[in-house]
Amino acid sequence: MLMESDSPVSKKSRLVHSVDCTMEEAPSNAVGMNQSLHWTQWQILDSILPTGGFAHSYGLEAAMQSRMVNNQEDLRSFVIQVLENTGSLLLPFVYCASKSPDAAAWVRLDQLLEATLTNEVSRKASTSQGSALLRVAASVFTEIQALQDLRQTFLGSKSVSFHHAPIFGLICGLVGFDSEMTQRAYMFVTMRDVFSAATRLNLIGPLAASVLQHQVAPDAERMLQKWRDRDVAEASQTAPVLDALQGCHAYMFSRLFCS
Amino acid sequence: MAEAATGAVRVEKVRGRSALTRCFARYPLKLIAPSKVGPASCDAVWLYALTYGGGIVSGDTISCTVSVGDGCTAAITTQASTKVLLEQGSTYSIAEQMQEYNVIAMVVLLGPKLKSIQEQMQAEVRKLMSGQLRPPTSGGSLYTMRSQPPQRPQRPPLVASCSQFGRMGTGMVARIAAVSTELVYSFLRHHLAALEPSLGASPYAAS
């Protein structure tokens with residue numbers, strides 16, 4: 001665990017009745033760290049974190065305007081294809097960044113993803129989300145100096161683009177998540193944002209979206225297990241039609257989302 | 001780490017002309033470099049990438065590195081459409097994912113000499129697609145069941161998008177998805193016709 005914590009020993013270990021307590025008092029620092037990690041994790045996954053994810057529809061708006069997605073059934077298929085492509089194309093970048101959360105590795109991953117994302121729409125969405133996420137993380141997780149240092153060193157630099165997937169992996173790695181949790185979290189926030197876009201596009205109501213999200217969760221887990229822990233050399237695009245459609249986003253005369 | 005590429009191509013200036021100085025391919029990729037595609041006056045190297053059996057199967061990995069030197073011209077294409085023969089292992093099969101879009105094509109235009117073709121193609125594709133993309137009818141599908149009879153929504157038979165790429169912005173990739181190969185060929189023939197003077201032949205001359 002890389003995280004340094006100045007927090008005092010968790011008060012909870014003193015409130016628990018010693019007869020019932022199955023936890024040892026001595027390593028409560030480890031327990032304390034684990035518990036505070038939950039709060040951080042939930043904060044990163046919470047849509048209230050101001051990362052600007054809601055400006056992007058992941059190609060859903062273009063899919064609707066081309067009539068590829070017209071109803072709930074189509075949405076289910078769309079979400080699964082987006083998750084499959086997230087797994088095949090982006091998860092390797094999340095994984096590799098979380099395993100080596102240092103500046104040199106991050107720059108290499110960022111540049112590789114910049115070259116890989118030839119689709120202008122998804123490339124711009126990725127950089128805008130990544131920049132916003134780094135800005136928020138540097139402000140929020142002030143105990144991690146590396147984040148502020150990274151931001152200060154590279155802000156305005158032409159050699160990096162601040163792509164979302166590597167930044168997400170880097171932040172989670174620095175905060176102390178293991179790589180499985182990090183990759184699952186990335187799949188989750190993608191799924192979360194697509195469903196959010198679907199409700200804002202009036203394709204589905206918020207309750208029905210929540211029902212569908214829960215139904216799709218096992219598929220998302222399966223795809224995580226399929227695509228996890230790969231090197232970036234294996235990254236590939238697996239949804240060519242959606243990629244072509246997402247590229248049309250800028251051609252839409254009237255649109256709600258940036259991408 | 002990554003397996004070795006299945007192909008490597010290098011085009012360089014030799015005695016003032018574009019020449020193929022390296023052409024390596026191994027299964028499942030096959031590269032052929034006919035020397036008489038365009039007239040001798042035309043300085044362009046043509047390469048055809050083929051697959052054994054005219055198709056690809058699940059598990060095939062094809063990668064090729066291409067280097068084209070300054071001042072050189074190269075065209076890399078396929079002999080005909082490559083078929084996906086057998087696939088397995090996804091939640092939705094390729095057919096289900098692609099629905100009626102049976103054909104995918106990708107065109108990469110790279111290099112400063114291709115700027116005006118890129119701009120022209122961008123503008124025409126934008127015009128084509130913006131006419132075919134429109135928001136769902138007001139109220140969205142939450143309300144359509146009540147007011148409209150169920151009917152197959154009209155999808156564009158061909159979808160295309162163009163993206164600039166590359167640090168110097170000299171690259172453009174066009175992605176096309178369509179219901180038939182004929183539609184893609186006629187789209188490509190039209191948009192790439194302006195390449196004929198540089199390449200010596202039109203990439204998709206009517207067959």
# chains A, B, ... in the order shown; residues from 1 in each chain; ligands from 1
>>> residues_around(residues="stretch 162-168 of chain B", least_positions_apart="5", cutoff="8 Å", atoms="only C-alpha atoms", output="list of chain:residue names")
A:Ala115, A:Thr118, A:Asn119, A:Glu120, A:Val121, A:Gly247, A:Cys248, B:Met121, B:Gln122, B:Val125, B:Val173, B:Ala174, B:Arg175
>>> write_last_selection(atoms="N, CA and C atoms", output="mmCIF file, in the first residue's frame")
data_model
loop_
_atom_site.group_PDB
_atom_site.id
_atom_site.type_symbol
_atom_site.label_atom_id
_atom_site.label_comp_id
_atom_site.auth_asym_id
_atom_site.auth_seq_id
_atom_site.Cartn_x
_atom_site.Cartn_y
_atom_site.Cartn_z
ATOM 1 N N ALA A 115 -1.897 8.292 -29.794
ATOM 2 C CA ALA A 115 -1.685 7.740 -31.140
ATOM 3 C C ALA A 115 -2.749 6.706 -31.491
ATOM 4 N N THR A 118 -7.517 7.334 -32.930
ATOM 5 C CA THR A 118 -7.559 8.153 -34.137
ATOM 6 C C THR A 118 -8.922 8.814 -34.325
ATOM 7 N N ASN A 119 -9.938 8.293 -33.670
ATOM 8 C CA ASN A 119 -11.264 8.904 -33.733
ATOM 9 C C ASN A 119 -11.227 10.215 -32.965
ATOM 10 N N GLU A 120 -11.397 11.299 -33.694
ATOM 11 C CA GLU A 120 -11.248 12.634 -33.108
ATOM 12 C C GLU A 120 -12.224 12.883 -31.956
ATOM 13 N N VAL A 121 -13.446 12.410 -32.116
ATOM 14 C CA VAL A 121 -14.472 12.652 -31.099
ATOM 15 C C VAL A 121 -14.102 11.975 -29.788
ATOM 16 N N GLY A 247 -17.852 8.905 -34.466
ATOM 17 C CA GLY A 247 -17.109 9.894 -35.236
ATOM 18 C C GLY A 247 -18.009 10.920 -35.903
ATOM 19 N N CYS A 248 -19.303 10.580 -36.037
ATOM 20 C CA CYS A 248 -20.258 11.494 -36.679
ATOM 21 C C CYS A 248 -20.823 12.528 -35.719
ATOM 22 N N MET B 121 -13.037 15.676 -48.655
ATOM 23 C CA MET B 121 -13.753 14.504 -48.149
ATOM 24 C C MET B 121 -14.463 14.837 -46.839
ATOM 25 N N GLN B 122 -13.753 15.550 -45.964
ATOM 26 C CA GLN B 122 -14.369 15.966 -44.691
ATOM 27 C C GLN B 122 -15.661 16.718 -44.935
ATOM 28 N N VAL B 125 -18.450 14.467 -46.474
ATOM 29 C CA VAL B 125 -18.968 13.491 -45.505
ATOM 30 C C VAL B 125 -19.834 14.193 -44.470
ATOM 31 N N VAL B 173 -8.348 9.881 -40.981
ATOM 32 C CA VAL B 173 -8.879 8.528 -41.115
ATOM 33 C C VAL B 173 -10.378 8.639 -41.332
ATOM 34 N N ALA B 174 -10.844 7.914 -42.334
ATOM 35 C CA ALA B 174 -12.283 7.881 -42.602
ATOM 36 C C ALA B 174 -12.763 6.479 -42.270
ATOM 37 N N ARG B 175 -13.822 6.396 -41.496
ATOM 38 C CA ARG B 175 -14.400 5.107 -41.155
ATOM 39 C C ARG B 175 -15.771 5.021 -41.786
#
>>> closest_atom_pairs(of="chain A", to="chain B", cutoff="8 Å", atoms="only C-alpha atoms", output="JSON lines")
{"residue": "A:Ala62", "atom": "CA", "partner": "B:Leu133", "partner_atom": "CA", "distance": 7.5}
{"residue": "A:Met64", "atom": "CA", "partner": "B:Pro136", "partner_atom": "CA", "distance": 6.9}
{"residue": "A:Gln65", "atom": "CA", "partner": "B:Arg134", "partner_atom": "CA", "distance": 4.8}
{"residue": "A:Ser66", "atom": "CA", "partner": "B:Leu133", "partner_atom": "CA", "distance": 5.2}
{"residue": "A:Arg67", "atom": "CA", "partner": "B:Arg155", "partner_atom": "CA", "distance": 5.5}
{"residue": "A:Met68", "atom": "CA", "partner": "B:Arg155", "partner_atom": "CA", "distance": 7.0}
{"residue": "A:Asn70", "atom": "CA", "partner": "B:Ser141", "partner_atom": "CA", "distance": 6.8}
{"residue": "A:Asn71", "atom": "CA", "partner": "B:Ser141", "partner_atom": "CA", "distance": 6.1}
{"residue": "A:Ser77", "atom": "CA", "partner": "B:Gln97", "partner_atom": "CA", "distance": 7.8}
{"residue": "A:Ile80", "atom": "CA", "partner": "B:Thr91", "partner_atom": "CA", "distance": 7.9}
{"residue": "A:Gln81", "atom": "CA", "partner": "B:Gln97", "partner_atom": "CA", "distance": 7.4}
{"residue": "A:Ala115", "atom": "CA", "partner": "B:Gly166", "partner_atom": "CA", "distance": 7.0}
{"residue": "A:Thr118", "atom": "CA", "partner": "B:Phe165", "partner_atom": "CA", "distance": 5.6}
{"residue": "A:Asn119", "atom": "CA", "partner": "B:Ser163", "partner_atom": "CA", "distance": 5.6}
{"residue": "A:Glu120", "atom": "CA", "partner": "B:Ser163", "partner_atom": "CA", "distance": 5.0}
{"residue": "A:Val121", "atom": "CA", "partner": "B:Ser163", "partner_atom": "CA", "distance": 7.8}
{"residue": "A:Leu201", "atom": "CA", "partner": "B:Gly140", "partner_atom": "CA", "distance": 7.9}
{"residue": "A:Asn202", "atom": "CA", "partner": "B:Gly140", "partner_atom": "CA", "distance": 5.7}
{"residue": "A:Leu203", "atom": "CA", "partner": "B:Ser141", "partner_atom": "CA", "distance": 5.8}
{"residue": "A:Ile204", "atom": "CA", "partner": "B:Leu142", "partner_atom": "CA", "distance": 6.5}
{"residue": "A:Gly205", "atom": "CA", "partner": "B:Leu142", "partner_atom": "CA", "distance": 7.7}
{"residue": "A:Asp219", "atom": "CA", "partner": "B:Thr91", "partner_atom": "CA", "distance": 8.0}
{"residue": "A:Asp231", "atom": "CA", "partner": "B:Met1", "partner_atom": "CA", "distance": 7.0}
{"residue": "A:Ala233", "atom": "CA", "partner": "B:Ala2", "partner_atom": "CA", "distance": 5.6}
{"residue": "A:Glu234", "atom": "CA", "partner": "B:Ala2", "partner_atom": "CA", "distance": 7.0}
{"residue": "A:Ala239", "atom": "CA", "partner": "B:Gln97", "partner_atom": "CA", "distance": 7.6}
{"residue": "A:Pro240", "atom": "CA", "partner": "B:Ile104", "partner_atom": "CA", "distance": 7.3}
{"residue": "A:Val241", "atom": "CA", "partner": "B:Ala177", "partner_atom": "CA", "distance": 6.0}
{"residue": "A:Asp243", "atom": "CA", "partner": "B:Arg175", "partner_atom": "CA", "distance": 7.9}
{"residue": "A:Ala244", "atom": "CA", "partner": "B:Arg175", "partner_atom": "CA", "distance": 5.3}
{"residue": "A:Leu245", "atom": "CA", "partner": "B:Val159", "partner_atom": "CA", "distance": 6.8}
{"residue": "A:Gly247", "atom": "CA", "partner": "B:Ser161", "partner_atom": "CA", "distance": 5.1}
{"residue": "A:Cys248", "atom": "CA", "partner": "B:Ser161", "partner_atom": "CA", "distance": 5.2}
{"residue": "A:Tyr251", "atom": "CA", "partner": "B:Ser130", "partner_atom": "CA", "distance": 5.0}
{"residue": "A:Met252", "atom": "CA", "partner": "B:Ser130", "partner_atom": "CA", "distance": 5.4}
{"residue": "A:Phe253", "atom": "CA", "partner": "B:Ser130", "partner_atom": "CA", "distance": 6.4}
{"residue": "A:Ser254", "atom": "CA", "partner": "B:Pro135", "partner_atom": "CA", "distance": 7.4}
{"residue": "A:Arg255", "atom": "CA", "partner": "B:Pro135", "partner_atom": "CA", "distance": 7.8}
>>> write_last_selection(atoms="N, CA, C and O atoms", output="short mmCIF file (atom, residue, chain, number, x, y, z; two decimals), in the first residue's frame")
data_model
loop_
_atom_site.label_atom_id
_atom_site.label_comp_id
_atom_site.auth_asym_id
_atom_site.auth_seq_id
_atom_site.Cartn_x
_atom_site.Cartn_y
_atom_site.Cartn_z
N ALA A 62 -25.14 9.98 -31.07
CA ALA A 62 -25.02 9.70 -32.51
C ALA A 62 -25.75 8.40 -32.86
O ALA A 62 -26.38 8.29 -33.91
N MET A 64 -28.35 7.26 -31.45
CA MET A 64 -29.79 7.52 -31.46
C MET A 64 -30.19 8.29 -32.71
O MET A 64 -31.21 7.99 -33.33
N GLN A 65 -29.38 9.27 -33.08
CA GLN A 65 -29.74 10.07 -34.25
C GLN A 65 -29.62 9.30 -35.55
O GLN A 65 -30.22 9.67 -36.56
N SER A 66 -28.87 8.22 -35.54
CA SER A 66 -28.80 7.38 -36.73
C SER A 66 -29.75 6.20 -36.60
O SER A 66 -29.74 5.29 -37.43
N ARG A 67 -30.53 6.18 -35.55
CA ARG A 67 -31.55 5.15 -35.32
C ARG A 67 -30.96 3.77 -35.06
O ARG A 67 -31.64 2.77 -35.24
N MET A 68 -29.70 3.73 -34.63
CA MET A 68 -29.14 2.44 -34.22
C MET A 68 -29.70 2.06 -32.84
O MET A 68 -29.85 0.89 -32.52
N ASN A 70 -32.92 2.83 -30.40
CA ASN A 70 -34.24 3.46 -30.40
C ASN A 70 -35.04 3.18 -29.14
O ASN A 70 -36.05 3.82 -28.90
N ASN A 71 -34.63 2.18 -28.41
CA ASN A 71 -35.44 1.79 -27.25
C ASN A 71 -34.54 1.11 -26.21
O ASN A 71 -33.33 1.03 -26.37
N SER A 77 -28.01 -3.44 -25.56
CA SER A 77 -26.99 -3.90 -26.49
C SER A 77 -25.88 -2.85 -26.65
O SER A 77 -24.68 -3.18 -26.67
N ILE A 80 -23.55 -2.71 -23.58
CA ILE A 80 -22.66 -3.87 -23.55
C ILE A 80 -21.55 -3.73 -24.58
O ILE A 80 -20.38 -4.04 -24.30
N GLN A 81 -21.88 -3.23 -25.76
CA GLN A 81 -20.83 -3.03 -26.76
C GLN A 81 -19.83 -1.97 -26.31
O GLN A 81 -18.62 -2.11 -26.53
N ALA A 115 -1.90 8.29 -29.79
CA ALA A 115 -1.68 7.74 -31.14
C ALA A 115 -2.75 6.71 -31.49
O ALA A 115 -3.14 6.56 -32.64
N THR A 118 -7.52 7.33 -32.93
CA THR A 118 -7.56 8.15 -34.14
C THR A 118 -8.92 8.81 -34.33
O THR A 118 -9.05 9.78 -35.07
N ASN A 119 -9.94 8.29 -33.67
CA ASN A 119 -11.26 8.90 -33.73
C ASN A 119 -11.23 10.21 -32.96
O ASN A 119 -11.06 10.23 -31.75
N GLU A 120 -11.40 11.30 -33.69
CA GLU A 120 -11.25 12.63 -33.11
C GLU A 120 -12.22 12.88 -31.96
O GLU A 120 -11.88 13.50 -30.95
N VAL A 121 -13.45 12.41 -32.12
CA VAL A 121 -14.47 12.65 -31.10
C VAL A 121 -14.10 11.97 -29.79
O VAL A 121 -14.12 12.59 -28.72
N LEU A 201 -31.06 11.94 -22.49
CA LEU A 201 -31.52 11.97 -23.88
C LEU A 201 -32.97 11.48 -23.99
O LEU A 201 -33.48 11.30 -25.09
N ASN A 202 -33.59 11.26 -22.85
CA ASN A 202 -34.99 10.85 -22.82
C ASN A 202 -35.24 9.48 -23.43
O ASN A 202 -36.37 9.17 -23.81
N LEU A 203 -34.20 8.67 -23.50
CA LEU A 203 -34.36 7.33 -24.07
C LEU A 203 -35.00 6.40 -23.04
O LEU A 203 -35.69 5.46 -23.38
N ILE A 204 -34.73 6.69 -21.79
CA ILE A 204 -35.18 5.80 -20.71
C ILE A 204 -35.34 6.65 -19.45
O ILE A 204 -34.67 7.67 -19.29
N GLY A 205 -36.28 6.26 -18.59
CA GLY A 205 -36.46 7.01 -17.36
C GLY A 205 -35.41 6.60 -16.34
O GLY A 205 -34.78 5.54 -16.47
N ASP A 219 -22.84 -8.76 -16.79
CA ASP A 219 -22.13 -8.71 -18.08
C ASP A 219 -20.88 -7.86 -17.95
O ASP A 219 -19.81 -8.19 -18.47
N ASP A 231 -1.41 -6.03 -21.34
CA ASP A 231 -0.47 -4.99 -21.72
C ASP A 231 -1.09 -4.12 -22.80
O ASP A 231 -1.94 -4.58 -23.57
N ALA A 233 0.01 -3.22 -25.49
CA ALA A 233 0.25 -3.69 -26.86
C ALA A 233 -0.93 -4.49 -27.39
O ALA A 233 -1.10 -4.67 -28.59
N GLU A 234 -1.77 -4.99 -26.46
CA GLU A 234 -2.93 -5.77 -26.88
C GLU A 234 -4.19 -4.94 -27.06
O GLU A 234 -5.23 -5.47 -27.44
N ALA A 239 -15.58 -2.42 -31.54
CA ALA A 239 -16.92 -1.98 -31.94
C ALA A 239 -16.80 -1.03 -33.12
O ALA A 239 -17.02 0.18 -32.97
N PRO A 240 -16.49 -1.54 -34.31
CA PRO A 240 -16.21 -0.65 -35.44
C PRO A 240 -17.39 0.19 -35.89
O PRO A 240 -17.21 1.35 -36.30
N VAL A 241 -18.60 -0.37 -35.81
CA VAL A 241 -19.75 0.42 -36.26
C VAL A 241 -19.98 1.58 -35.29
O VAL A 241 -20.20 2.73 -35.70
N ASP A 243 -17.79 2.96 -33.48
CA ASP A 243 -16.69 3.89 -33.66
C ASP A 243 -16.97 4.83 -34.82
O ASP A 243 -16.77 6.04 -34.74
N ALA A 244 -17.45 4.25 -35.94
CA ALA A 244 -17.79 5.08 -37.10
C ALA A 244 -18.91 6.07 -36.73
O ALA A 244 -18.87 7.24 -37.10
N LEU A 245 -19.90 5.58 -35.99
CA LEU A 245 -21.02 6.43 -35.60
C LEU A 245 -20.60 7.54 -34.65
O LEU A 245 -21.01 8.69 -34.79
N GLY A 247 -17.85 8.90 -34.47
CA GLY A 247 -17.11 9.89 -35.24
C GLY A 247 -18.01 10.92 -35.90
O GLY A 247 -17.56 11.99 -36.31
N CYS A 248 -19.30 10.58 -36.04
CA CYS A 248 -20.26 11.49 -36.68
C CYS A 248 -20.82 12.53 -35.72
O CYS A 248 -21.65 13.34 -36.11
N TYR A 251 -21.15 16.02 -36.71
CA TYR A 251 -21.97 16.35 -37.88
C TYR A 251 -23.42 16.60 -37.50
O TYR A 251 -24.22 17.02 -38.33
N MET A 252 -23.78 16.31 -36.28
CA MET A 252 -25.19 16.44 -35.89
C MET A 252 -25.55 17.90 -35.75
O MET A 252 -24.85 18.65 -35.07
N PHE A 253 -26.64 18.28 -36.36
CA PHE A 253 -27.03 19.68 -36.37
C PHE A 253 -27.42 20.14 -34.96
O PHE A 253 -26.97 21.18 -34.50
N SER A 254 -28.27 19.35 -34.32
CA SER A 254 -28.61 19.76 -32.96
C SER A 254 -28.21 18.64 -32.02
O SER A 254 -28.48 17.48 -32.29
N ARG A 255 -27.48 18.98 -30.97
CA ARG A 255 -27.02 17.94 -30.06
C ARG A 255 -26.91 18.47 -28.64
O ARG A 255 -26.74 19.65 -28.39
#
>>> select_by_dssp(residues="stretch 2-239 of chain A", states="alpha helix (DSSP H)", output="ChimeraX atom specification")
/A:12-15,28-45,60-65,72-85,91-99,103-116,120-140,145-154,164-175,179-200,206-227
>>> closest_residue(among="A:Leu90, A:Met181, A:Ile167, A:Met191", to="A:Ser128", atoms="only C-alpha atoms")
A:Ile167
>>> residues_around(residues="B:Arg17", least_positions_apart="3", cutoff="8 Å", atoms="only C-alpha atoms", output="VMD selection string")
chain B and resid 12 to 14 43 72
>>> write_last_selection(atoms="all heavy atoms", output="mmCIF file, in the first residue's frame")
data_model
loop_
_atom_site.group_PDB
_atom_site.id
_atom_site.type_symbol
_atom_site.label_atom_id
_atom_site.label_comp_id
_atom_site.auth_asym_id
_atom_site.auth_seq_id
_atom_site.Cartn_x
_atom_site.Cartn_y
_atom_site.Cartn_z
ATOM 1 N N GLU B 12 11.133 4.087 -49.618
ATOM 2 C CA GLU B 12 12.128 5.180 -49.521
ATOM 3 C C GLU B 12 12.452 5.683 -50.904
ATOM 4 O O GLU B 12 12.217 5.016 -51.900
ATOM 5 C CB GLU B 12 13.422 4.639 -48.897
ATOM 6 C CG GLU B 12 13.274 4.229 -47.456
ATOM 7 C CD GLU B 12 14.514 3.493 -46.936
ATOM 8 O OE1 GLU B 12 14.927 2.498 -47.568
ATOM 9 O OE2 GLU B 12 15.047 3.926 -45.908
ATOM 10 N N LYS B 13 13.106 6.847 -50.924
ATOM 11 C CA LYS B 13 13.549 7.397 -52.212
ATOM 12 C C LYS B 13 14.817 6.656 -52.630
ATOM 13 O O LYS B 13 15.819 6.615 -51.925
ATOM 14 C CB LYS B 13 13.926 8.882 -52.046
ATOM 15 C CG LYS B 13 12.775 9.834 -52.260
ATOM 16 C CD LYS B 13 12.652 10.282 -53.714
ATOM 17 C CE LYS B 13 11.849 11.550 -53.849
ATOM 18 N NZ LYS B 13 10.446 11.348 -54.141
ATOM 19 N N VAL B 14 14.748 6.046 -53.801
ATOM 20 C CA VAL B 14 15.937 5.408 -54.366
ATOM 21 C C VAL B 14 16.104 5.994 -55.763
ATOM 22 O O VAL B 14 15.205 5.878 -56.599
ATOM 23 C CB VAL B 14 15.754 3.864 -54.437
ATOM 24 C CG1 VAL B 14 16.918 3.227 -55.178
ATOM 25 C CG2 VAL B 14 15.615 3.284 -53.039
ATOM 26 N N ASP B 43 5.074 8.340 -59.821
ATOM 27 C CA ASP B 43 5.960 7.897 -58.749
ATOM 28 C C ASP B 43 5.155 7.427 -57.543
ATOM 29 O O ASP B 43 4.975 8.155 -56.585
ATOM 30 C CB ASP B 43 6.891 9.053 -58.344
ATOM 31 C CG ASP B 43 7.861 8.628 -57.256
ATOM 32 O OD1 ASP B 43 8.349 7.497 -57.341
ATOM 33 O OD2 ASP B 43 8.104 9.428 -56.327
ATOM 34 N N CYS B 72 7.967 10.580 -50.654
ATOM 35 C CA CYS B 72 7.559 9.345 -51.318
ATOM 36 C C CYS B 72 6.044 9.193 -51.320
ATOM 37 O O CYS B 72 5.359 9.832 -50.536
ATOM 38 C CB CYS B 72 8.151 8.136 -50.589
ATOM 39 S SG CYS B 72 9.930 8.091 -50.679
#
